[in-house]
$ cat entry28.cif   # mmCIF, N, CA and C atoms and all ligand atoms
data_upload
#
loop_
_atom_site.label_atom_id
_atom_site.label_comp_id
_atom_site.auth_asym_id
_atom_site.auth_seq_id
_atom_site.Cartn_x
_atom_site.Cartn_y
_atom_site.Cartn_z
N MET A 2 -8.38 -4.92 7.59
CA MET A 2 -7.07 -5.05 6.94
C MET A 2 -6.33 -3.71 7.00
N ASN A 3 -5.02 -3.79 7.05
CA ASN A 3 -4.19 -2.59 6.98
C ASN A 3 -3.70 -2.43 5.55
N ILE A 4 -4.02 -1.29 4.95
CA ILE A 4 -3.72 -1.06 3.53
C ILE A 4 -2.81 0.15 3.38
N ALA A 5 -1.72 -0.02 2.62
CA ALA A 5 -0.82 1.10 2.35
C ALA A 5 -1.11 1.66 0.96
N LEU A 6 -1.20 2.98 0.88
CA LEU A 6 -1.44 3.67 -0.39
C LEU A 6 -0.26 4.60 -0.66
N ILE A 7 0.35 4.42 -1.83
CA ILE A 7 1.54 5.20 -2.17
C ILE A 7 1.48 5.50 -3.66
N ALA A 8 1.91 6.70 -4.04
CA ALA A 8 2.01 7.00 -5.47
C ALA A 8 3.12 8.00 -5.71
N HIS A 9 3.83 7.80 -6.79
CA HIS A 9 4.82 8.79 -7.20
C HIS A 9 4.10 10.03 -7.75
N ASP A 10 4.84 11.13 -7.84
CA ASP A 10 4.20 12.42 -8.12
C ASP A 10 3.32 12.41 -9.37
N LYS A 11 3.83 11.84 -10.45
CA LYS A 11 3.04 11.87 -11.69
C LYS A 11 1.88 10.89 -11.66
N LYS A 12 1.78 10.10 -10.60
CA LYS A 12 0.70 9.11 -10.47
C LYS A 12 -0.26 9.46 -9.34
N LYS A 13 -0.09 10.65 -8.77
CA LYS A 13 -0.96 10.99 -7.63
C LYS A 13 -2.41 11.18 -8.06
N ASP A 14 -2.61 11.77 -9.25
CA ASP A 14 -4.00 11.90 -9.73
C ASP A 14 -4.64 10.52 -9.85
N ASP A 15 -3.85 9.55 -10.30
CA ASP A 15 -4.38 8.20 -10.47
C ASP A 15 -4.79 7.58 -9.13
N ILE A 16 -3.95 7.73 -8.11
CA ILE A 16 -4.30 7.07 -6.85
C ILE A 16 -5.50 7.78 -6.20
N VAL A 17 -5.62 9.09 -6.42
CA VAL A 17 -6.81 9.78 -5.92
C VAL A 17 -8.06 9.25 -6.62
N LYS A 18 -7.95 8.99 -7.92
CA LYS A 18 -9.09 8.43 -8.67
C LYS A 18 -9.46 7.05 -8.12
N ILE A 19 -8.45 6.24 -7.85
CA ILE A 19 -8.71 4.90 -7.29
C ILE A 19 -9.38 5.03 -5.93
N ALA A 20 -8.84 5.92 -5.10
CA ALA A 20 -9.39 6.06 -3.75
C ALA A 20 -10.83 6.56 -3.81
N GLU A 21 -11.11 7.44 -4.74
CA GLU A 21 -12.48 7.95 -4.89
C GLU A 21 -13.40 6.83 -5.38
N ALA A 22 -12.94 6.09 -6.38
CA ALA A 22 -13.77 5.03 -6.96
C ALA A 22 -14.04 3.91 -5.96
N TYR A 23 -13.07 3.63 -5.10
CA TYR A 23 -13.21 2.50 -4.16
C TYR A 23 -13.33 2.98 -2.72
N LYS A 24 -13.83 4.19 -2.56
CA LYS A 24 -13.91 4.80 -1.22
C LYS A 24 -14.72 3.93 -0.25
N LEU A 25 -15.82 3.38 -0.73
CA LEU A 25 -16.67 2.58 0.16
C LEU A 25 -15.92 1.36 0.68
N ILE A 26 -15.16 0.73 -0.20
CA ILE A 26 -14.37 -0.44 0.21
C ILE A 26 -13.25 0.01 1.15
N LEU A 27 -12.50 1.03 0.73
CA LEU A 27 -11.36 1.48 1.53
C LEU A 27 -11.77 1.95 2.92
N SER A 28 -12.93 2.55 3.02
CA SER A 28 -13.35 3.12 4.31
C SER A 28 -13.61 2.05 5.36
N LYS A 29 -13.70 0.80 4.94
CA LYS A 29 -13.93 -0.30 5.91
C LYS A 29 -12.61 -0.79 6.51
N HIS A 30 -11.48 -0.22 6.08
CA HIS A 30 -10.17 -0.74 6.48
C HIS A 30 -9.32 0.37 7.11
N ASP A 31 -8.17 -0.03 7.66
CA ASP A 31 -7.24 0.94 8.24
C ASP A 31 -6.25 1.34 7.15
N LEU A 32 -6.23 2.63 6.85
CA LEU A 32 -5.43 3.11 5.71
C LEU A 32 -4.17 3.82 6.18
N TYR A 33 -3.10 3.55 5.48
CA TYR A 33 -1.79 4.16 5.73
C TYR A 33 -1.27 4.70 4.40
N ALA A 34 -0.42 5.73 4.46
CA ALA A 34 0.11 6.27 3.21
C ALA A 34 1.40 7.02 3.49
N THR A 35 2.20 7.18 2.44
CA THR A 35 3.32 8.11 2.54
C THR A 35 2.74 9.53 2.59
N GLY A 36 3.55 10.47 3.08
CA GLY A 36 3.05 11.80 3.45
C GLY A 36 2.23 12.55 2.42
N THR A 37 2.81 12.77 1.25
CA THR A 37 2.12 13.62 0.27
C THR A 37 0.94 12.88 -0.36
N THR A 38 1.13 11.60 -0.63
CA THR A 38 0.02 10.81 -1.17
C THR A 38 -1.15 10.82 -0.19
N GLY A 39 -0.86 10.60 1.07
CA GLY A 39 -1.93 10.57 2.07
C GLY A 39 -2.67 11.88 2.18
N LYS A 40 -1.93 12.98 2.11
CA LYS A 40 -2.59 14.29 2.20
C LYS A 40 -3.52 14.51 1.02
N ARG A 41 -3.03 14.19 -0.18
CA ARG A 41 -3.89 14.35 -1.38
C ARG A 41 -5.18 13.52 -1.24
N ILE A 42 -5.02 12.26 -0.82
CA ILE A 42 -6.21 11.39 -0.74
C ILE A 42 -7.16 11.89 0.34
N MET A 43 -6.61 12.27 1.48
CA MET A 43 -7.49 12.76 2.56
C MET A 43 -8.22 14.01 2.13
N ASP A 44 -7.49 14.96 1.53
CA ASP A 44 -8.11 16.24 1.13
C ASP A 44 -9.19 16.02 0.08
N GLU A 45 -8.95 15.08 -0.83
CA GLU A 45 -9.85 14.97 -1.99
C GLU A 45 -10.93 13.90 -1.84
N THR A 46 -10.77 13.02 -0.84
CA THR A 46 -11.82 11.99 -0.67
C THR A 46 -12.44 12.02 0.73
N GLY A 47 -11.76 12.64 1.68
CA GLY A 47 -12.27 12.65 3.05
C GLY A 47 -11.97 11.35 3.80
N LEU A 48 -11.26 10.41 3.17
CA LEU A 48 -10.89 9.17 3.87
C LEU A 48 -9.93 9.49 5.01
N ASP A 49 -10.00 8.69 6.05
CA ASP A 49 -9.12 8.88 7.20
C ASP A 49 -7.86 8.02 6.98
N ILE A 50 -6.70 8.64 7.02
CA ILE A 50 -5.46 7.93 6.69
C ILE A 50 -4.37 8.25 7.69
N HIS A 51 -3.67 7.21 8.15
CA HIS A 51 -2.47 7.46 8.95
C HIS A 51 -1.34 7.78 7.99
N ARG A 52 -0.76 8.96 8.14
CA ARG A 52 0.30 9.37 7.21
C ARG A 52 1.68 9.17 7.82
N PHE A 53 2.53 8.49 7.05
CA PHE A 53 3.94 8.39 7.41
C PHE A 53 4.67 9.58 6.80
N LYS A 54 5.99 9.60 6.90
CA LYS A 54 6.79 10.66 6.26
C LYS A 54 6.64 10.56 4.75
N SER A 55 6.99 11.63 4.08
CA SER A 55 7.02 11.60 2.63
C SER A 55 8.02 10.52 2.17
N GLY A 56 7.73 9.92 1.03
CA GLY A 56 8.58 8.82 0.54
C GLY A 56 10.06 9.14 0.53
N PRO A 57 10.47 10.24 -0.12
CA PRO A 57 11.90 10.55 -0.19
C PRO A 57 12.53 10.83 1.18
N LEU A 58 11.70 11.10 2.18
CA LEU A 58 12.21 11.39 3.53
C LEU A 58 12.11 10.18 4.47
N GLY A 59 11.80 9.01 3.90
CA GLY A 59 11.79 7.79 4.73
C GLY A 59 10.44 7.09 4.82
N GLY A 60 9.41 7.65 4.19
CA GLY A 60 8.07 7.05 4.30
C GLY A 60 7.99 5.63 3.76
N ASP A 61 8.71 5.37 2.66
CA ASP A 61 8.69 4.00 2.12
C ASP A 61 9.31 3.04 3.14
N GLN A 62 10.34 3.50 3.81
CA GLN A 62 11.00 2.64 4.80
C GLN A 62 10.10 2.41 6.01
N GLN A 63 9.33 3.46 6.39
CA GLN A 63 8.41 3.26 7.51
C GLN A 63 7.35 2.22 7.17
N ILE A 64 6.85 2.27 5.94
CA ILE A 64 5.87 1.25 5.54
C ILE A 64 6.54 -0.11 5.47
N GLY A 65 7.80 -0.11 4.99
CA GLY A 65 8.56 -1.37 4.96
C GLY A 65 8.71 -1.97 6.37
N ALA A 66 8.87 -1.11 7.36
CA ALA A 66 9.00 -1.62 8.73
C ALA A 66 7.70 -2.30 9.17
N TYR A 67 6.56 -1.75 8.79
CA TYR A 67 5.28 -2.39 9.09
C TYR A 67 5.20 -3.76 8.41
N ILE A 68 5.67 -3.78 7.16
CA ILE A 68 5.61 -5.06 6.43
C ILE A 68 6.51 -6.08 7.11
N SER A 69 7.68 -5.64 7.54
CA SER A 69 8.60 -6.60 8.16
C SER A 69 8.10 -7.05 9.53
N ASP A 70 7.17 -6.32 10.12
CA ASP A 70 6.49 -6.80 11.32
C ASP A 70 5.26 -7.62 10.94
N ASN A 71 5.08 -7.82 9.63
CA ASN A 71 3.94 -8.58 9.09
C ASN A 71 2.60 -7.97 9.52
N LYS A 72 2.56 -6.63 9.50
CA LYS A 72 1.34 -5.93 9.92
C LYS A 72 0.57 -5.33 8.75
N MET A 73 1.20 -5.23 7.58
CA MET A 73 0.51 -4.61 6.44
C MET A 73 -0.08 -5.72 5.58
N ASP A 74 -1.34 -5.57 5.22
CA ASP A 74 -2.04 -6.67 4.52
C ASP A 74 -2.08 -6.49 3.01
N LEU A 75 -1.97 -5.27 2.55
CA LEU A 75 -2.08 -5.02 1.11
C LEU A 75 -1.37 -3.70 0.82
N VAL A 76 -0.65 -3.66 -0.28
CA VAL A 76 0.07 -2.43 -0.65
C VAL A 76 -0.35 -2.01 -2.06
N ILE A 77 -0.81 -0.79 -2.19
CA ILE A 77 -1.08 -0.22 -3.51
C ILE A 77 -0.06 0.90 -3.71
N PHE A 78 0.86 0.65 -4.61
CA PHE A 78 1.96 1.57 -4.84
C PHE A 78 1.98 1.87 -6.34
N ILE A 79 1.33 2.98 -6.72
CA ILE A 79 1.25 3.33 -8.13
C ILE A 79 2.56 4.03 -8.50
N ARG A 80 3.41 3.27 -9.17
CA ARG A 80 4.76 3.75 -9.47
C ARG A 80 4.79 4.48 -10.80
N ASP A 81 5.73 5.39 -10.90
CA ASP A 81 6.00 6.07 -12.17
C ASP A 81 7.20 5.38 -12.79
N PRO A 82 6.99 4.57 -13.82
CA PRO A 82 8.11 3.79 -14.38
C PRO A 82 8.99 4.61 -15.32
N LEU A 83 8.63 5.88 -15.55
CA LEU A 83 9.36 6.68 -16.55
C LEU A 83 10.19 7.79 -15.93
N THR A 84 10.20 7.86 -14.61
CA THR A 84 10.97 8.92 -13.94
C THR A 84 11.86 8.30 -12.88
N SER A 85 13.15 8.66 -12.88
CA SER A 85 14.01 8.09 -11.84
C SER A 85 13.78 8.82 -10.52
N GLN A 86 13.90 8.10 -9.43
CA GLN A 86 13.60 8.64 -8.10
C GLN A 86 14.89 8.65 -7.27
N ALA A 87 15.09 9.74 -6.54
CA ALA A 87 16.31 9.84 -5.72
C ALA A 87 16.36 8.73 -4.67
N HIS A 88 15.19 8.27 -4.22
CA HIS A 88 15.15 7.27 -3.15
C HIS A 88 14.83 5.88 -3.71
N GLU A 89 15.33 5.60 -4.91
CA GLU A 89 15.09 4.30 -5.55
C GLU A 89 15.44 3.11 -4.64
N PRO A 90 16.54 3.17 -3.87
CA PRO A 90 16.84 2.02 -2.99
C PRO A 90 15.72 1.76 -1.99
N ASP A 91 15.09 2.81 -1.48
CA ASP A 91 13.98 2.62 -0.52
C ASP A 91 12.79 1.96 -1.20
N ILE A 92 12.55 2.36 -2.45
CA ILE A 92 11.42 1.81 -3.21
C ILE A 92 11.65 0.33 -3.46
N SER A 93 12.86 0.01 -3.92
CA SER A 93 13.19 -1.40 -4.18
C SER A 93 13.06 -2.23 -2.91
N ALA A 94 13.50 -1.66 -1.80
CA ALA A 94 13.43 -2.40 -0.53
C ALA A 94 11.98 -2.67 -0.15
N LEU A 95 11.12 -1.70 -0.35
CA LEU A 95 9.70 -1.87 -0.01
C LEU A 95 9.07 -2.97 -0.88
N LEU A 96 9.35 -2.91 -2.18
CA LEU A 96 8.78 -3.92 -3.08
C LEU A 96 9.32 -5.31 -2.72
N ARG A 97 10.59 -5.36 -2.39
CA ARG A 97 11.19 -6.64 -2.02
C ARG A 97 10.52 -7.22 -0.77
N LEU A 98 10.28 -6.36 0.22
CA LEU A 98 9.67 -6.86 1.45
C LEU A 98 8.25 -7.40 1.21
N CYS A 99 7.54 -6.81 0.26
CA CYS A 99 6.21 -7.35 -0.08
C CYS A 99 6.36 -8.80 -0.53
N ASP A 100 7.40 -9.07 -1.30
CA ASP A 100 7.61 -10.45 -1.76
C ASP A 100 8.09 -11.35 -0.62
N VAL A 101 8.96 -10.80 0.23
CA VAL A 101 9.44 -11.61 1.36
C VAL A 101 8.27 -12.07 2.23
N TYR A 102 7.33 -11.15 2.48
CA TYR A 102 6.21 -11.45 3.39
C TYR A 102 4.94 -11.86 2.65
N GLU A 103 5.04 -12.01 1.32
CA GLU A 103 3.92 -12.47 0.50
C GLU A 103 2.69 -11.57 0.68
N ILE A 104 2.95 -10.28 0.60
CA ILE A 104 1.88 -9.29 0.75
C ILE A 104 1.40 -8.88 -0.64
N PRO A 105 0.10 -8.97 -0.92
CA PRO A 105 -0.40 -8.53 -2.22
C PRO A 105 0.01 -7.09 -2.51
N LEU A 106 0.54 -6.88 -3.72
CA LEU A 106 1.09 -5.58 -4.10
C LEU A 106 0.58 -5.21 -5.49
N ALA A 107 0.00 -4.02 -5.61
CA ALA A 107 -0.40 -3.51 -6.93
C ALA A 107 0.49 -2.34 -7.26
N THR A 108 1.06 -2.34 -8.46
CA THR A 108 1.94 -1.23 -8.84
C THR A 108 1.37 -0.40 -9.99
N ASN A 109 0.12 -0.70 -10.39
CA ASN A 109 -0.51 0.14 -11.42
C ASN A 109 -2.03 0.10 -11.22
N MET A 110 -2.72 0.96 -11.95
CA MET A 110 -4.17 1.11 -11.76
C MET A 110 -4.92 -0.21 -11.98
N GLY A 111 -4.49 -0.96 -13.01
CA GLY A 111 -5.21 -2.19 -13.34
C GLY A 111 -5.13 -3.20 -12.21
N SER A 112 -3.92 -3.41 -11.71
CA SER A 112 -3.79 -4.40 -10.63
C SER A 112 -4.41 -3.88 -9.34
N ALA A 113 -4.40 -2.57 -9.13
CA ALA A 113 -5.04 -2.01 -7.93
C ALA A 113 -6.54 -2.32 -7.94
N GLU A 114 -7.16 -2.19 -9.11
CA GLU A 114 -8.60 -2.47 -9.19
C GLU A 114 -8.88 -3.93 -8.85
N VAL A 115 -8.06 -4.82 -9.40
CA VAL A 115 -8.28 -6.25 -9.15
C VAL A 115 -8.11 -6.56 -7.66
N LEU A 116 -7.06 -6.01 -7.05
CA LEU A 116 -6.82 -6.31 -5.63
C LEU A 116 -7.93 -5.75 -4.75
N LEU A 117 -8.39 -4.55 -5.05
CA LEU A 117 -9.44 -3.97 -4.19
C LEU A 117 -10.76 -4.72 -4.35
N ARG A 118 -11.07 -5.15 -5.56
CA ARG A 118 -12.28 -5.95 -5.74
C ARG A 118 -12.13 -7.31 -5.05
N GLY A 119 -10.93 -7.88 -5.12
CA GLY A 119 -10.67 -9.15 -4.44
C GLY A 119 -10.80 -9.00 -2.93
N LEU A 120 -10.30 -7.89 -2.44
CA LEU A 120 -10.41 -7.61 -1.01
C LEU A 120 -11.88 -7.59 -0.59
N ASP A 121 -12.69 -6.88 -1.37
CA ASP A 121 -14.11 -6.76 -1.02
C ASP A 121 -14.85 -8.09 -1.17
N ALA A 122 -14.34 -8.94 -2.04
CA ALA A 122 -14.98 -10.25 -2.24
C ALA A 122 -14.54 -11.27 -1.19
N GLY A 123 -13.65 -10.84 -0.29
CA GLY A 123 -13.25 -11.74 0.81
C GLY A 123 -12.08 -12.64 0.47
N PHE A 124 -11.35 -12.32 -0.60
CA PHE A 124 -10.24 -13.19 -1.01
C PHE A 124 -9.05 -13.13 -0.06
N TYR A 125 -9.05 -12.19 0.88
CA TYR A 125 -7.87 -12.05 1.74
C TYR A 125 -8.10 -12.54 3.16
N SER A 126 -9.11 -13.37 3.33
CA SER A 126 -9.37 -13.82 4.70
C SER A 126 -8.19 -14.62 5.24
N TRP A 127 -7.34 -15.18 4.34
CA TRP A 127 -6.16 -15.92 4.81
C TRP A 127 -5.21 -15.04 5.59
N ARG A 128 -5.28 -13.72 5.36
CA ARG A 128 -4.37 -12.82 6.09
C ARG A 128 -4.68 -12.81 7.58
N ASP A 129 -5.93 -13.10 7.93
CA ASP A 129 -6.27 -13.12 9.36
C ASP A 129 -5.49 -14.21 10.09
N MET A 130 -5.04 -15.23 9.32
CA MET A 130 -4.27 -16.31 9.96
C MET A 130 -2.79 -16.00 10.02
N THR A 131 -2.29 -15.16 9.10
CA THR A 131 -0.83 -14.97 9.04
C THR A 131 -0.37 -13.62 9.57
N ARG A 132 -1.30 -12.66 9.72
CA ARG A 132 -0.89 -11.31 10.14
C ARG A 132 -0.18 -11.36 11.49
N GLY A 133 0.97 -10.69 11.56
CA GLY A 133 1.67 -10.57 12.83
C GLY A 133 2.51 -11.79 13.20
N THR A 134 2.43 -12.86 12.40
CA THR A 134 3.23 -14.04 12.73
C THR A 134 4.65 -13.85 12.21
N ASP A 135 5.56 -14.68 12.71
CA ASP A 135 6.92 -14.66 12.19
C ASP A 135 6.91 -15.10 10.74
N ARG A 136 7.86 -14.57 9.97
CA ARG A 136 7.90 -14.95 8.57
C ARG A 136 8.03 -16.46 8.40
N ASP A 137 8.82 -17.11 9.27
CA ASP A 137 9.03 -18.56 9.15
C ASP A 137 7.75 -19.34 9.36
N ALA A 138 6.76 -18.71 10.00
CA ALA A 138 5.50 -19.41 10.23
C ALA A 138 4.53 -19.22 9.07
N LEU A 139 4.97 -18.49 8.04
CA LEU A 139 4.06 -18.16 6.94
C LEU A 139 3.78 -19.36 6.05
N HIS A 140 4.72 -20.28 5.98
CA HIS A 140 4.55 -21.38 5.01
C HIS A 140 3.92 -22.57 5.71
N PHE A 141 2.85 -23.05 5.12
CA PHE A 141 2.09 -24.11 5.77
C PHE A 141 2.70 -25.49 5.48
O1 LIG B 201 7.93 8.86 -3.03
C1 LIG B 201 7.00 8.17 -2.76
C2 LIG B 201 7.08 6.71 -2.86
O2 LIG B 201 8.36 6.25 -3.20
C3 LIG B 201 5.73 8.75 -2.32
O3 LIG B 201 5.95 9.70 -1.32
P1 LIG B 201 4.93 10.88 -1.13
O4 LIG B 201 3.56 10.27 -0.98
O5 LIG B 201 5.33 11.59 0.10
O6 LIG B 201 5.03 11.73 -2.37
#

$ encode --input "entry28.cif" --output "structure tokens" --more "lines below"
Ligand SMILES: O=C(CO)COP(=O)(O)O
Amino acid sequence: MNIALIAHDKKKDDIVKIAEAYKLILSKHDLYATGTTGKRIMDETGLDIHRFKSGPLGGDQQIGAYISDNKMDLVIFIRDPLTSQAHEPDISALLRLCDVYEIPLATNMGSAEVLLRGLDAGFYSWRDMTRGTDRDALHF
């Protein structure tokens, strides 16, 4: 599975904790991240991650482009709900695309844990049938 990992600045410690706790699960998948989040996770966990640009410089949009190609299988985006972000439109667009393409999305630690455990339990095998298909082909 292709997994995107993203966190706002005040949530970076949290996503590093998640990545450390679920390193064994995450290491079985292809990992992507926005620039600064990816660097923190790589430096502190040793996981191999493809890094896009930093979020405010277009990284959220790059991940959104993957989603719109229906190539991203799961998004963990630990958002800071108490700080306004200069690139809020990019963030909204990314979250919206997850809904357009029906991609599982976790926006906090609790939901991230559930999604990662579900991933390991094989709950996402349906993605093998829909990945890369046109959006119109998503509905059975
Ligand atoms: O801003 C972000 C998501 O909107 C995250 O970007 P960075 O990982 O580069 O800090």

$ residues_near_ligand --input "entry28.cif" --ligand "ligand LIG 201 (chain B)" --cutoff "5 Å" --atoms "only N, CA and C atoms and all ligand atoms" --output "CSV table (one decimal) with N, CA and C atoms, in the frame of the given file"
chain,number,residue,atom,x,y,z
A,8,ALA,N,1.9,6.7,-4.0
A,8,ALA,CA,2.0,7.0,-5.5
A,8,ALA,C,3.1,8.0,-5.7
A,9,HIS,N,3.8,7.8,-6.8
A,9,HIS,CA,4.8,8.8,-7.2
A,9,HIS,C,4.1,10.0,-7.8
A,35,THR,N,2.2,7.2,2.4
A,35,THR,CA,3.3,8.1,2.5
A,35,THR,C,2.7,9.5,2.6
A,36,GLY,N,3.6,10.5,3.1
A,36,GLY,CA,3.0,11.8,3.4
A,36,GLY,C,2.2,12.6,2.4
A,37,THR,N,2.8,12.8,1.2
A,37,THR,CA,2.1,13.6,0.3
A,37,THR,C,0.9,12.9,-0.4
A,38,THR,N,1.1,11.6,-0.6
A,38,THR,CA,0.0,10.8,-1.2
A,38,THR,C,-1.2,10.8,-0.2
A,39,GLY,N,-0.9,10.6,1.1
A,39,GLY,CA,-1.9,10.6,2.1
A,39,GLY,C,-2.7,11.9,2.2
A,54,LYS,N,6.0,9.6,6.9
A,54,LYS,CA,6.8,10.7,6.3
A,54,LYS,C,6.6,10.6,4.8
A,55,SER,N,7.0,11.6,4.1
A,55,SER,CA,7.0,11.6,2.6
A,55,SER,C,8.0,10.5,2.2
A,56,GLY,N,7.7,9.9,1.0
A,56,GLY,CA,8.6,8.8,0.5
A,56,GLY,C,10.1,9.1,0.5
A,57,PRO,N,10.5,10.2,-0.1
A,57,PRO,CA,11.9,10.6,-0.2
A,57,PRO,C,12.5,10.8,1.2

$ closest_residue --input "entry28.cif" --among "A:Lys12, A:Leu6, A:Ile50, A:Gly65" --to "Leu83 (chain A)" --atoms "only C-alpha atoms"
A:Lys12

$ atom_distance --input "entry28.cif" --atom1 "CA of Asp135 (chain A)" --atom2 "CA of Ser69 (chain A)"
9.2 Å

$ closest_residue --input "entry28.cif" --among "A:Gly133, A:Ile79, A:Cys99, A:Leu120" --to "Asp10 (chain A)" --atoms "all atoms listed in the file"
A:Ile79

$ atom_distance --input "entry28.cif" --atom1 "CA of Arg41 (chain A)" --atom2 "CA of Tyr23 (chain A)"
15.3 Å

$ closest_residue --input "entry28.cif" --among "A:Ala5, A:Phe53, A:Ile19, A:Lys40" --to "Glu114 (chain A)" --atoms "all atoms listed in the file"
A:Ile19

$ atom_distance --input "entry28.cif" --atom1 "CA of Ile104 (chain A)" --atom2 "atom C of His51 (chain A)"
18.8 Å

$ select_by_dssp --input "entry28.cif" --residues "region 109-140 of chain A" --states "alpha helix (DSSP H)" --output "number ranges by chain"
A: 110-121, 128-131

$ select_by_dssp --input "entry28.cif" --residues "chain A" --states "strand (DSSP E or B)" --output "list in words"
Asn3, Ile4, Ala5, Leu6, Ile7, Ala8, Asp31, Leu32, Tyr33, Ala34, Ile50, His51, Arg52, Leu75, Val76, Ile77, Phe78, Ile79, Leu106 and Ala107 of chain A

$ residues_near_point --input "entry28.cif" --point "(13.1, 1.2, 1.7)" --cutoff "9 Å" --atoms "only C-alpha atoms" --output "list in words"
Gly56, Gly59, Gly60, Asp61, Gln62, Gln63, Ile64, Gly65, Ala66, His88, Glu89, Pro90, Asp91, Ile92, Ser93, Ala94, Leu95, Leu96, Arg97 and Leu98 of chain A

$ closest_residue --input "entry28.cif" --among "A:Asp14, A:Asp100, A:Asp81, A:Asp74" --to "Ser126 (chain A)" --atoms "only C-alpha atoms"
A:Asp74

$ closest_atom_pairs --input "entry28.cif" --of "region 40-80 of chain A" --to "region 107-112 of chain A" --cutoff "8 Å" --atoms "all atoms listed in the file" --output "JSON lines"
{"residue": "A:Leu75", "atom": "C", "partner": "A:Ala107", "partner_atom": "N", "distance": 6.6}
{"residue": "A:Val76", "atom": "C", "partner": "A:Ala107", "partner_atom": "N", "distance": 4.1}
{"residue": "A:Ile77", "atom": "CA", "partner": "A:Ala107", "partner_atom": "N", "distance": 4.5}
{"residue": "A:Phe78", "atom": "C", "partner": "A:Thr108", "partner_atom": "CA", "distance": 4.0}
{"residue": "A:Ile79", "atom": "CA", "partner": "A:Thr108", "partner_atom": "C", "distance": 4.2}
{"residue": "A:Arg80", "atom": "N", "partner": "A:Thr108", "partner_atom": "C", "distance": 4.3}
